[in-house]
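Below is one structure, written out as structure tokens; the observations come after it.
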Amino acid sequence: MIMEQGWRIIGKKGALVIDECGNPKAGKHSVAVYRQYCGNIGKVDNCQVGVFMAYVKGNRRLLLNHRLYIPADWINDPARCDAAGIPKEHQVFKTKAELAYEMIGEAKKTKIPFTHIAMDGFYGKHPWLLTQLEKDNVTYVADVGSDTRVYCEPPEYQIPRRKGTRGRVPIHTKVVNTRS
């Protein structure tokens with residue numbers, strides 16, 4: 001799906017931008033239609049959701065890649081998938097973040113010269129995705145929630161010692177060596 005030559009029109013050292021878009025749909029027979037959050041209408045309703053990757057430099061933009069998000073309820077109903085014409089090799093559940101990471105991998109494989117990846121808070125709330133991008137030596141900018149904890153040193157986890165004889169015995173793991 002990647003437009004291997006399209007980025008050449010825009011120029012090298014652009015950024016990859018990952019986002020999704022929902023399109024409202026009536027009924028339940030269109031591929032991947034499900035009651036889910038639809039950003040176009042700002043609420044949960046029947047819609048199809050696509051994950052998109054664009055190449056951006058200056059005021060130029062180019063759609064490079066896209067994936068249709070197929071909800072787990074669809075994947076768990078092979079007869080419905082077959083009736084809708086979804087090929088067997090695509091009848092595997094993948095989260096939106098997994099679809100995004102798959103497209104990023106294809107961009108790297110085809111040697112698209114990007115400087116960084118930009119993502120909104122939906123993708124920023126997936127620590128495994130951000131960690132994997134760091135392991136892959138990919139620079140990224142991702143929105144994260146205001147309640148996301150950031151540590152200046154690696155946290156150590158353990159069940160804290162009980163202070164005194166009153167109250168409940170601690171059973172929940174907490175960070176013990178530093179504050180966020």
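Chains: A, B, ... in order of the structure tokens. Residues: from 1 per chain. Ligands: from 1, in order shown.
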All residues 12 Å or closer to stretch 81-83 of chain A, only C-alpha atoms, same chain fewer than 6 positions away omitted, as a list in words |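 What passes the distance filter is Lys28, His29, Ser30, Val31, Ala32, Val33, Ile70, Pro71, Ala72, Asp73, Trp74, Ile75, Glu89, His90, Gln91, Val92 and Phe93 of chain A.
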Non-local contacts of stretch 114-118 of chain A (10 Å; only C-alpha atoms; under 2 positions in same chain excluded) as a PyMOL selection string = chain A and resi 7+11-19+53-57+104+107-108+111-112+120+123-124+133+138-143
Sort by chain and increasing residue number a table of all residues of stretch 98-118 of chain A within 10 Å of stretch 127-130 of chain A, each with its closest pair of atoms and their distance in Å to one decimal, counting only C-alpha atoms, and write it as a Markdown table.
| residue | atom | partner | partner_atom | distance |
| --- | --- | --- | --- | --- |
| A:Glu98 | CA | A:Leu129 | CA | 7.9 |
| A:Ala100 | CA | A:Leu129 | CA | 9.0 |
| A:Tyr101 | CA | A:Leu129 | CA | 7.2 |
Residues of the last selection are to be written out with N, CA, C and O atoms, as a tab-separated table (two decimals), in the first residue's frame.
chain	number	residue	atom	x	y	z
A	98	GLU	N	-1.26	-1.81	16.74
A	98	GLU	CA	-0.52	-2.84	16.00
A	98	GLU	C	-0.54	-2.54	14.50
A	98	GLU	O	0.47	-2.73	13.81
A	100	ALA	N	-0.76	0.43	13.18
A	100	ALA	CA	0.14	1.58	13.00
A	100	ALA	C	1.60	1.12	12.98
A	100	ALA	O	2.37	1.53	12.11
A	101	TYR	N	1.97	0.25	13.91
A	101	TYR	CA	3.35	-0.23	13.97
A	101	TYR	C	3.71	-1.03	12.72
A	101	TYR	O	4.83	-0.93	12.21
Please identify all polymer residues within 12 Å of A:Val44, counting only C-alpha atoms, omitting same-chain residues fewer than 2 positions from it, and present them as a VMD selection string.
-> chain A and resid 22 to 25 33 to 42 46 to 49
Stretch 8-180 of chain A: which residues are strand (DSSP E) by DSSP, as a ChimeraX atom specification?
-> /A:14-24,34-38,43-57,60-69,114-119,140-142,157-158,174-175
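Rounded to one decimal, atom CA of A:Arg60 and atom CA of A:Ile10 lie 6.4 Å from each other.
Taking atom CA of A:Arg149 as the reference point, atom CA of A:Lys125 is found at 11.2 Å.
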So, counting only C-alpha atoms, which residue among A:Arg162, A:Pro155, A:Ala97, A:Gly121 is closest to A:Lys174?
->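 Among the listed residues, A:Pro155 lies closest to A:Lys174.
Between atom CA of A:Asn76 and atom CA of A:Met119 the interatomic distance comes to 28.9 Å.
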Would you please work out which residue, of A:Cys152, A:Leu99, A:Ile159, A:Val144, is nearest to A:Val176 when using only C-alpha atoms?
->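 The shortest atom-to-atom distance to A:Val176 comes from A:Ile159.
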Determine which residues of chain A receive a DSSP assignment of helix (DSSP H, G or I), computed from the backbone, and state them as a PyMOL selection string.
-> chain A and resi 6-10+72-75+78-84+88-90+96-109+121-124+127-135
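Nearest residue to A:Lys96, choosing from A:Leu64, A:Val51, A:Val169, A:Ala26 and counting only C-alpha atoms: A:Val51.
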Contacts of A:Gly50 at 8 Å (only C-alpha atoms; same-chain gap of 6+ positions) as a VMD selection string = chain A and resid 20 to 22 66 to 69
Go ahead and save the residues from that selection, with N, CA and C atoms, as a short mmCIF file (atom, residue, chain, number, x, y, z; two decimals), in the first residue's frame.
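Final output, saved to again18.cif:
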data_model
loop_
_atom_site.label_atom_id
_atom_site.label_comp_id
_atom_site.auth_asym_id
_atom_site.auth_seq_id
_atom_site.Cartn_x
_atom_site.Cartn_y
_atom_site.Cartn_z
N GLU A 20 -6.19 8.11 12.95
CA GLU A 20 -7.30 7.26 12.52
C GLU A 20 -8.49 8.14 12.17
N CYS A 21 -9.42 7.55 11.47
CA CYS A 21 -10.63 8.27 11.08
C CYS A 21 -11.79 7.28 11.07
N GLY A 22 -12.91 7.69 11.63
CA GLY A 22 -14.10 6.86 11.63
C GLY A 22 -15.14 7.43 10.69
N HIS A 66 -2.59 2.85 4.67
CA HIS A 66 -3.81 2.79 5.48
C HIS A 66 -4.18 1.34 5.76
N ARG A 67 -4.91 1.14 6.83
CA ARG A 67 -5.42 -0.17 7.20
C ARG A 67 -6.85 0.00 7.73
N LEU A 68 -7.70 -0.94 7.40
CA LEU A 68 -9.04 -0.97 7.97
C LEU A 68 -8.96 -1.72 9.29
N TYR A 69 -9.43 -1.09 10.36
CA TYR A 69 -9.46 -1.75 11.67
C TYR A 69 -10.66 -2.69 11.68
#
